[in-house]
Every structure is written in C-alpha cells, then in structure tokens.
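Peer 1: Input file: query27.txt. Contents: compact mmCIF, C-alpha atoms.
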# COMPACT_ATOMS: atom_id res chain seq x y z
CA MET X 10 99.02 102.31 -111.53
CA LEU X 11 101.63 103.73 -109.25
CA ALA X 12 103.04 107.00 -110.52
CA ALA X 13 106.52 108.09 -109.80
CA CYS X 14 106.64 111.75 -110.08
CA ALA X 15 108.10 112.80 -106.89
CA MET X 16 110.81 111.08 -105.26
CA LEU X 17 113.23 113.59 -106.16
CA ALA X 18 113.34 116.61 -104.21
CA VAL X 19 115.08 114.85 -101.60
CA VAL X 20 118.03 113.94 -103.46
CA LEU X 21 119.75 116.73 -101.85
CA ARG X 22 118.57 117.33 -98.43
CA ALA X 23 120.26 114.03 -97.81
CA ARG X 24 123.47 115.96 -97.28
CA VAL X 25 125.03 114.85 -100.51
CA ALA X 26 128.48 116.21 -101.17
CA ARG X 27 128.69 118.38 -104.26
CA ALA X 28 131.61 117.31 -106.41
CA GLN X 29 133.55 119.64 -108.67
CA ASP X 30 133.19 117.40 -111.69
CA ASP X 31 129.96 116.13 -113.21
CA TRP X 32 127.63 113.65 -111.52
CA GLN X 33 128.82 110.09 -111.72
CA VAL X 34 127.94 106.58 -110.64
CA ILE X 35 130.71 105.34 -108.39
CA GLU X 36 129.38 102.12 -106.90
CA ARG X 37 127.39 99.77 -109.07
CA HIS X 38 126.67 96.94 -106.64
CA THR X 39 125.07 96.68 -103.19
CA LYS X 40 125.32 93.92 -100.62
CA THR X 41 121.64 94.12 -99.77
CA ALA X 42 118.96 93.18 -102.28
CA PRO X 43 115.24 94.00 -102.03
CA ALA X 44 112.70 91.29 -101.40
CA GLU X 45 112.27 89.10 -104.46
CA ALA X 46 114.75 91.25 -106.36
CA GLY X 47 115.83 88.40 -108.57
CA ALA X 48 112.30 87.39 -109.47
CA GLY X 49 109.52 89.08 -111.36
CA GLY X 50 111.40 90.10 -114.47
CA ALA X 51 109.54 91.96 -117.16
CA ALA X 52 106.91 90.07 -119.11
CA GLN X 53 107.64 89.39 -122.75
CA ALA X 54 106.64 92.37 -124.90
CA VAL X 55 104.66 91.76 -128.09
CA THR X 56 105.45 93.82 -131.19
CA ALA X 57 102.49 94.90 -133.32
CA GLY X 58 102.45 95.33 -137.08
CA ASP X 59 102.87 99.11 -136.82
CA GLY X 60 106.04 98.74 -134.78
CA SER X 61 104.41 99.53 -131.47
CA ILE X 62 104.85 97.23 -128.48
CA ASN X 63 102.31 95.81 -126.07
CA ALA X 64 104.22 95.55 -122.81
CA CYS X 65 102.43 94.58 -119.61
CA GLY X 66 99.14 95.63 -121.18
CA GLU X 67 100.26 99.08 -122.31
CA THR X 68 101.00 100.30 -125.82
CA ALA X 69 104.54 101.61 -126.06
CA ARG X 70 107.69 101.73 -128.14
CA VAL X 71 111.32 100.79 -127.52
CA ALA X 72 112.89 103.06 -124.91
CA GLY X 73 115.60 105.53 -125.84
CA GLU X 74 118.56 106.97 -123.99
CA PRO X 75 119.35 107.87 -121.30
CA TYR X 76 116.43 105.87 -119.94
CA LYS X 77 117.66 102.47 -121.11
CA SER X 78 121.06 103.00 -119.49
CA ILE X 79 119.61 104.37 -116.25
CA VAL X 80 117.32 101.36 -115.77
CA ALA X 81 120.11 98.98 -116.84
CA GLN X 82 122.41 100.42 -114.17
CA LEU X 83 119.73 100.13 -111.51
CA ASN X 84 118.98 96.55 -112.59
CA ASP X 85 122.68 95.77 -112.45
CA MET X 86 122.97 97.06 -108.90
CA TRP X 87 119.89 95.28 -107.56
CA GLY X 88 120.16 92.08 -109.60
CA THR X 89 116.75 92.66 -111.20
CA ASP X 90 115.55 92.38 -114.79
CA PHE X 91 112.88 95.05 -115.23
CA HIS X 92 112.31 96.62 -118.65
CA VAL X 93 111.66 100.24 -119.57
CA TYR X 94 109.50 101.45 -122.46
CA GLU X 95 108.37 104.77 -123.89
CA SER X 96 104.62 104.93 -123.40
CA LEU X 97 102.47 106.27 -126.23
CA SER X 98 100.09 107.74 -123.65
CA SER X 99 100.90 111.05 -122.01
CA GLY X 100 101.38 110.78 -118.29
CA SER X 101 103.94 110.54 -115.52
CA PRO X 102 106.46 107.69 -115.25
CA HIS X 103 104.90 104.58 -113.77
CA ALA X 104 105.30 100.84 -113.31
CA ARG X 105 102.95 97.99 -114.20
CA ASN X 106 102.52 94.47 -112.97
CA GLY X 107 104.76 92.18 -115.00
CA GLY X 108 108.00 94.11 -114.49
CA CYS X 109 107.47 97.03 -116.89
CA ILE X 110 108.42 100.67 -116.35
CA PHE X 111 107.06 103.42 -118.59
CA TYR X 112 107.85 107.05 -119.31
CA ASN X 113 106.44 109.54 -121.79
CA GLN X 114 109.01 111.82 -123.42
CA LYS X 115 106.64 114.75 -123.94
CA PHE X 116 105.59 114.62 -120.32
CA LEU X 117 109.18 114.65 -119.08
CA ASP X 118 110.11 117.47 -121.44
CA SER X 119 107.16 119.52 -120.20
CA LEU X 120 107.93 118.72 -116.58
CA PHE X 121 111.55 119.82 -116.65
CA GLN X 122 111.59 122.48 -119.35
CA GLN X 123 108.23 124.21 -119.04
CA TRP X 124 107.01 123.53 -115.54
CA MET X 125 110.35 123.65 -113.73
CA ARG X 126 112.29 125.56 -116.40
CA ILE X 127 115.37 123.33 -116.12
CA ASP X 128 117.37 122.73 -119.27
CA ASP X 129 120.72 121.72 -117.74
CA PRO X 130 121.33 117.98 -118.36
CA ASP X 131 123.51 117.84 -115.25
CA ALA X 132 120.51 118.91 -113.16
CA VAL X 133 117.98 116.68 -114.93
CA LYS X 134 119.86 113.39 -115.05
CA PRO X 135 120.11 112.75 -111.29
CA MET X 136 116.39 113.43 -111.07
CA LEU X 137 115.80 110.78 -113.72
CA TYR X 138 117.79 108.27 -111.67
CA ALA X 139 115.57 109.02 -108.68
CA ILE X 140 112.38 108.75 -110.73
CA PHE X 141 113.26 105.38 -112.24
CA ALA X 142 114.65 104.07 -108.95
CA HIS X 143 111.26 104.90 -107.42
CA GLU X 144 109.50 102.85 -110.09
CA ILE X 145 111.89 99.93 -109.68
CA GLY X 146 111.14 100.17 -105.96
CA HIS X 147 107.46 99.46 -106.63
CA LEU X 148 108.38 96.35 -108.60
CA ALA X 149 111.10 95.18 -106.21
CA HIS X 150 108.71 95.56 -103.28
CA SER X 151 106.05 93.51 -105.13
CA ASP X 152 103.53 96.34 -104.78
CA PHE X 153 101.32 94.81 -107.48
CA ASP X 154 101.18 91.40 -105.81
CA PRO X 155 97.72 90.34 -104.54
CA ASN X 156 99.21 90.04 -101.06
CA SER X 157 99.93 93.79 -101.14
CA GLN X 158 96.42 94.89 -102.10
CA ASN X 159 95.58 95.94 -98.53
CA VAL X 160 98.74 98.01 -98.08
CA PRO X 161 97.84 101.73 -98.27
CA VAL X 162 98.97 103.43 -101.47
CA ARG X 163 100.70 106.13 -99.40
CA ASN X 164 102.87 103.51 -97.70
CA LYS X 165 103.82 102.01 -101.06
CA GLU X 166 104.72 105.40 -102.50
CA LEU X 167 106.80 106.50 -99.54
CA SER X 168 108.50 103.11 -99.44
CA ALA X 169 109.42 103.58 -103.11
CA ASP X 170 110.82 107.02 -102.22
CA GLN X 171 112.94 105.34 -99.55
CA PHE X 172 114.10 102.79 -102.12
CA ALA X 173 115.13 105.65 -104.42
CA GLY X 174 117.16 107.33 -101.70
CA TYR X 175 118.85 104.05 -100.83
CA SER X 176 119.64 103.36 -104.48
CA LEU X 177 121.14 106.76 -105.23
CA GLU X 178 123.38 106.67 -102.18
CA ARG X 179 124.61 103.18 -103.05
CA MET X 180 125.33 104.33 -106.59
CA GLY X 181 127.46 107.17 -105.26
CA MET X 182 125.57 109.91 -107.04
CA ARG X 183 127.34 113.26 -107.15
CA ARG X 184 126.56 116.73 -108.45
CA LEU X 185 123.02 116.82 -107.07
CA ASP X 186 121.61 120.33 -106.88
CA PRO X 187 119.59 120.65 -103.64
CA VAL X 188 117.76 123.75 -104.81
CA GLU X 189 116.42 122.19 -108.02
CA VAL X 190 115.59 118.85 -106.40
CA THR X 191 113.76 120.46 -103.50
CA ARG X 192 111.80 122.65 -105.89
CA TYR X 193 110.83 119.61 -107.95
CA TYR X 194 109.67 117.82 -104.83
CA GLN X 195 107.50 120.71 -103.73
CA LEU X 196 105.95 121.03 -107.19
CA THR X 197 104.88 117.38 -107.26
CA GLY X 198 103.87 116.77 -103.62
CA ASP X 199 100.28 116.33 -102.52
CA ASP X 200 100.42 119.57 -100.57
CA PHE X 201 101.31 121.51 -103.72
CA VAL X 202 98.86 119.96 -106.17
CA GLY X 203 96.02 120.54 -103.72
CA HIS X 204 94.59 117.02 -103.52
CA ALA X 205 95.52 113.71 -101.95
CA SER X 206 97.09 111.48 -104.60
CA GLY X 207 98.35 109.03 -102.02
CA HIS X 208 101.99 109.98 -102.50
CA GLY X 209 102.34 111.93 -99.25
CA ASN X 210 103.18 115.57 -98.74
CA GLY X 211 106.55 117.17 -99.39
CA ASP X 212 107.87 116.68 -95.86
CA GLU X 213 106.86 113.02 -95.78
CA ARG X 214 108.43 112.28 -99.14
CA THR X 215 111.60 114.11 -98.19
CA THR X 216 111.86 112.17 -94.94
CA ALA X 217 111.30 108.83 -96.69
CA PHE X 218 113.99 109.55 -99.28
CA GLU X 219 116.46 110.64 -96.61
CA ASP X 220 115.69 107.55 -94.53
CA GLY X 221 116.69 105.38 -97.48
CA TRP X 222 119.81 107.45 -98.09
CA HIS X 223 120.93 107.19 -94.46
CA ARG X 224 120.16 103.47 -94.24
CA ALA X 225 122.53 102.92 -97.15
CA GLN X 226 125.14 105.21 -95.59
CA VAL X 227 125.33 103.13 -92.41
CA GLY X 228 125.05 99.76 -94.17
CA LEU X 229 121.53 98.78 -93.10
CA PRO X 230 119.25 96.71 -95.35
CA GLU X 231 117.02 98.73 -97.64
CA GLN X 232 113.97 97.59 -95.67
CA GLY X 233 113.83 96.99 -91.94
CA THR X 234 111.44 95.66 -89.33
CA GLN X 235 110.73 99.15 -88.05
CA PRO X 236 108.95 101.66 -90.30
CA PRO X 237 111.36 104.44 -91.28
CA GLY X 238 110.44 108.05 -90.63
CA GLY X 239 107.90 109.31 -93.12
CA LEU X 240 106.02 106.04 -93.48
CA GLY X 241 103.82 106.50 -90.43
CA GLU X 242 102.70 103.69 -88.16
CA PRO X 243 102.51 100.12 -89.44
Could you render the structure from this file as structure tokens?
Peer 2:
Amino acid sequence: MLAACAMLAVVLRARVARAQDDWQVIERHTKTAPAEAGAGGAAQAVTAGDGSINACGETARVAGEPYKSIVAQLNDMWGTDFHVYESLSSGSPHARNGGCIFYNQKFLDSLFQQWMRIDDPDAVKPMLYAIFAHEIGHLAHSDFDPNSQNVPVRNKELSADQFAGYSLERMGMRRLDPVEVTRYYQLTGDDFVGHASGHGNGDERTTAFEDGWHRAQVGLPEQGTQPPGGLGEP
C-alpha cells in the first residue's frame, strides 16, 4: 500500500505566485496524459448490508466533500476515472490496485489540526490537492502492476510527488503558503520520522515535486526518458 502523506511541502518552493484572492483552479485540462491514464478505472464497489462499501478490498464508505470534488477535478484534467472513498481504518491517504483512493477523516483532522495546528481552509485545501494528486500518480503510473514490482518503492513515491507537482501547476493553483507547505513536508519526510519509509527525505521529495512543477511550466511531458532530479539513478 503506497501512502501519500508527503508530497506537499513543496507546493511552494516551486516559486508559485501568491494571489490576492483565494486559491483557485484556473486550468482544468492538460495536453499531456500519463501512461495508461485512460485505463484502469476504479473497480466496482460492493455495498454491504450495513451501508459500508468494499472497494478494492478495503472497507469504506462514500466519500464526502471536498474530497469528491478534488478527485473529480484531477480525473477531469488527466482523463482518468479513479474513485475516492472514506476508509473506515485509521491511516494516511493511500491508493489500492483497482483504481481506488482512500482517506480517513480522523487522520486528516489530526494531521492538520493537532499535529500541524492548521485550521485555515485556505491553507489546507491546496495540500489536499497535492495529497490526492500524489495518490492518482501511483495509479496513473501503474505502480501496482506486476511489471512494476521490481521498481523501488522510493522511486514510485518520488515519481508520485513529481506527478503532484505537475498536476498542481497545470491546474493553476494559487494562494499556496510556502511556510505551511514546507513545514508539512518536513513533518512527514523520512528524515523527520526517523526511519526509512521509502518515501525519500525532505530534500528529495521537494526536488521531485519541483521537477514536476517545472516540467509543466515549460510544457514537457509529465514523465521523460531522463530521471528528474530527486529520483536518483535509473
């Protein structure tokens, strides 16, 4: 299971202009789609008698807002059809084979309100876009495909960070607070938590996100033949 907790801090070292009005999504479509973006839609969820849902092998419930809208906008931009659910198990946002993305509301509340002490929706929402873009990146890159089993987890995670940076730049995100995003990134990086989770350290994740952001800025495809900075050697 590939967790998503950390693609964010970067959202701002990418030299994003800070607008006077609230954050907004300006551009909804991109000319470059990820590999197999149109395929691999979410598997059909099965509703149990108690109203819970079995989606991609995980017990969940129907997703609420703003998560449904965030994933819908990302799907719209990339031409994908991945589904988001609220997991009944506490844990960080993650994706599962079959095209499912999960979040746990209590976990997110604890992350932003208690751990980071952020209660401003304008500061939280761009982070949510980055988190869910990271998870969509895992699915769009076919990270759960048997052919990807030998790819190091660190490469997959940093590639998903790059995908998040690319996505947010293409969406024209504004009102991103570099201080809060950087702090989030440091709090969730391997170097902060004190053990190797495979996600990479803060500098590596920041570089990967910025690589994606700059690739979108200059009109390059989201993925290239050369490994972007932060992903190490092929």
Peer 1: Go ahead and compute the interatomic distance for atom CA of X:Met86 and atom CA of X:Gln114, in Å to one decimal.
Peer 2: 25.0 Å
Peer 1: Residues of stretch 77-115 of chain X within 7 Å of stretch 138-148 of chain X: nearest atom pair and distance (Å, one decimal) for each, counting all atoms listed in the file, sorted by chain and number, as JSON lines?
Peer 2:
{"residue": "X:Ile79", "atom": "CA", "partner": "X:Tyr138", "partner_atom": "CA", "distance": 6.3}
{"residue": "X:Val80", "atom": "CA", "partner": "X:Phe141", "partner_atom": "CA", "distance": 6.7}
{"residue": "X:Leu83", "atom": "CA", "partner": "X:Ala142", "partner_atom": "CA", "distance": 6.9}
{"residue": "X:His103", "atom": "CA", "partner": "X:Glu144", "partner_atom": "CA", "distance": 6.1}
{"residue": "X:Ala104", "atom": "CA", "partner": "X:Glu144", "partner_atom": "CA", "distance": 5.7}
{"residue": "X:Gly108", "atom": "CA", "partner": "X:Leu148", "partner_atom": "CA", "distance": 6.3}
{"residue": "X:Ile110", "atom": "CA", "partner": "X:Glu144", "partner_atom": "CA", "distance": 6.7}
Peer 1: Do you have the atom CA of X:Asn106-atom CA of X:Phe153 distance handy?
Peer 2: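 For atom CA of X:Asn106 relative to atom CA of X:Phe153, the distance reads 5.6 Å.
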Peer 1: What does the distance from atom CA of X:Gln171 to atom CA of X:Pro130 come to in Å, to one decimal?
Peer 2: 24.2 Å
Peer 1: Please determine, counting only C-alpha atoms, which residue among X:Ala132, X:Ala64, X:Met180, X:Ala217 has the shortest atom-to-atom distance to X:Phe111.
Peer 2: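 For X:Phe111, the nearest of the candidates is X:Ala64.
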Peer 1: Give me, as a PyMOL selection string, all polymer residues having an atom no more than 7 Å from stretch 115-129 of chain X, counting all atoms listed in the file and skipping those fewer than 5 positions away in the same chain.
Peer 2: chain X and resi 99-101
Peer 1: Do you know which residues are at most 10 Å from X:Val55 counting all atoms listed in the file, after dropping those on the same chain fewer than 4 positions away, and could you put them as a ChimeraX atom specification?
Peer 2: /X:60-66,68
Peer 1: Can you take stretch 219-234 of chain X from the block and write all heavy atoms as a short mmCIF file (atom, residue, chain, number, x, y, z; two decimals), in the first residue's frame?
Peer 2:
data_model
loop_
_atom_site.label_atom_id
_atom_site.label_comp_id
_atom_site.auth_asym_id
_atom_site.auth_seq_id
_atom_site.Cartn_x
_atom_site.Cartn_y
_atom_site.Cartn_z
N GLU X 219 9.16 19.82 -7.28
CA GLU X 219 9.55 20.97 -8.09
C GLU X 219 9.87 20.57 -9.53
O GLU X 219 9.58 21.31 -10.46
CB GLU X 219 10.73 21.68 -7.45
CG GLU X 219 10.38 22.38 -6.16
CD GLU X 219 11.57 23.09 -5.54
OE1 GLU X 219 12.71 22.79 -5.96
OE2 GLU X 219 11.35 23.93 -4.66
N ASP X 220 10.47 19.39 -9.70
CA ASP X 220 10.73 18.90 -11.06
C ASP X 220 9.43 18.79 -11.84
O ASP X 220 9.36 19.18 -13.02
CB ASP X 220 11.42 17.53 -11.01
CG ASP X 220 12.89 17.64 -10.66
OD1 ASP X 220 13.46 18.73 -10.81
OD2 ASP X 220 13.46 16.62 -10.22
N GLY X 221 8.41 18.21 -11.20
CA GLY X 221 7.12 18.10 -11.88
C GLY X 221 6.54 19.46 -12.19
O GLY X 221 6.00 19.67 -13.29
N TRP X 222 6.62 20.36 -11.22
CA TRP X 222 6.09 21.71 -11.42
C TRP X 222 6.77 22.39 -12.61
O TRP X 222 6.10 22.96 -13.49
CB TRP X 222 6.31 22.53 -10.14
CG TRP X 222 5.63 23.85 -10.14
CD1 TRP X 222 6.03 25.00 -10.80
CD2 TRP X 222 4.41 24.21 -9.48
NE1 TRP X 222 5.15 26.02 -10.56
CE2 TRP X 222 4.15 25.56 -9.77
CE3 TRP X 222 3.53 23.49 -8.66
CZ2 TRP X 222 3.02 26.21 -9.25
CZ3 TRP X 222 2.42 24.16 -8.16
CH2 TRP X 222 2.18 25.50 -8.46
N HIS X 223 8.10 22.31 -12.66
CA HIS X 223 8.83 22.99 -13.74
C HIS X 223 8.64 22.31 -15.09
O HIS X 223 8.63 22.98 -16.13
CB HIS X 223 10.31 23.07 -13.38
CG HIS X 223 10.60 23.88 -12.15
ND1 HIS X 223 9.98 25.09 -11.91
CD2 HIS X 223 11.41 23.67 -11.09
CE1 HIS X 223 10.41 25.58 -10.76
NE2 HIS X 223 11.27 24.73 -10.23
N ARG X 224 8.46 20.99 -15.10
CA ARG X 224 8.18 20.31 -16.36
C ARG X 224 6.87 20.81 -16.94
O ARG X 224 6.75 21.02 -18.16
CB ARG X 224 8.12 18.78 -16.16
CG ARG X 224 9.45 18.13 -15.87
CD ARG X 224 9.31 16.62 -15.69
NE ARG X 224 9.06 15.97 -16.97
CZ ARG X 224 10.01 15.59 -17.81
NH1 ARG X 224 11.29 15.78 -17.49
NH2 ARG X 224 9.71 15.00 -18.94
N ALA X 225 5.89 21.01 -16.09
CA ALA X 225 4.61 21.54 -16.57
C ALA X 225 4.75 22.98 -17.03
O ALA X 225 4.14 23.39 -18.03
CB ALA X 225 3.56 21.45 -15.47
N GLN X 226 5.56 23.75 -16.33
CA GLN X 226 5.75 25.16 -16.69
C GLN X 226 6.30 25.33 -18.10
O GLN X 226 5.89 26.24 -18.83
CB GLN X 226 6.69 25.85 -15.70
CG GLN X 226 6.04 26.31 -14.41
CD GLN X 226 7.00 27.09 -13.55
OE1 GLN X 226 8.20 26.76 -13.45
NE2 GLN X 226 6.51 28.13 -12.91
N VAL X 227 7.23 24.47 -18.48
CA VAL X 227 7.87 24.60 -19.79
C VAL X 227 7.23 23.71 -20.84
O VAL X 227 7.72 23.64 -21.98
CB VAL X 227 9.38 24.30 -19.69
CG1 VAL X 227 10.07 25.28 -18.75
CG2 VAL X 227 9.63 22.87 -19.24
N GLY X 228 6.15 23.01 -20.50
CA GLY X 228 5.40 22.24 -21.49
C GLY X 228 5.96 20.87 -21.80
O GLY X 228 5.63 20.30 -22.84
N LEU X 229 6.79 20.31 -20.91
CA LEU X 229 7.30 18.96 -21.12
C LEU X 229 6.28 17.92 -20.67
O LEU X 229 5.41 18.22 -19.85
CB LEU X 229 8.60 18.76 -20.31
CG LEU X 229 9.82 19.55 -20.78
CD1 LEU X 229 10.97 19.35 -19.79
CD2 LEU X 229 10.25 19.11 -22.18
N PRO X 230 6.38 16.70 -21.18
CA PRO X 230 5.50 15.63 -20.69
C PRO X 230 5.74 15.40 -19.21
O PRO X 230 6.82 15.69 -18.68
CB PRO X 230 5.92 14.41 -21.52
CG PRO X 230 6.59 14.98 -22.73
CD PRO X 230 7.26 16.24 -22.27
N GLU X 231 4.74 14.84 -18.54
CA GLU X 231 4.87 14.62 -17.09
C GLU X 231 6.01 13.66 -16.78
O GLU X 231 6.70 13.83 -15.78
CB GLU X 231 3.53 14.08 -16.56
CG GLU X 231 3.50 13.88 -15.05
CD GLU X 231 3.84 12.48 -14.60
OE1 GLU X 231 3.48 11.52 -15.32
OE2 GLU X 231 4.48 12.34 -13.54
N GLN X 232 6.23 12.68 -17.62
CA GLN X 232 7.35 11.77 -17.46
C GLN X 232 8.26 11.88 -18.66
O GLN X 232 7.81 12.09 -19.78
CB GLN X 232 6.86 10.32 -17.31
CG GLN X 232 6.11 10.06 -16.01
CD GLN X 232 5.73 8.61 -15.86
OE1 GLN X 232 5.05 8.05 -16.71
NE2 GLN X 232 6.17 8.00 -14.79
N GLY X 233 9.56 11.74 -18.44
CA GLY X 233 10.52 11.83 -19.52
C GLY X 233 11.46 10.64 -19.52
O GLY X 233 11.40 9.78 -18.65
N THR X 234 12.35 10.60 -20.50
CA THR X 234 13.28 9.49 -20.61
C THR X 234 14.41 9.62 -19.59
O THR X 234 15.02 8.62 -19.21
CB THR X 234 13.89 9.42 -22.02
OG1 THR X 234 14.51 10.67 -22.34
CG2 THR X 234 12.80 9.14 -23.05
#
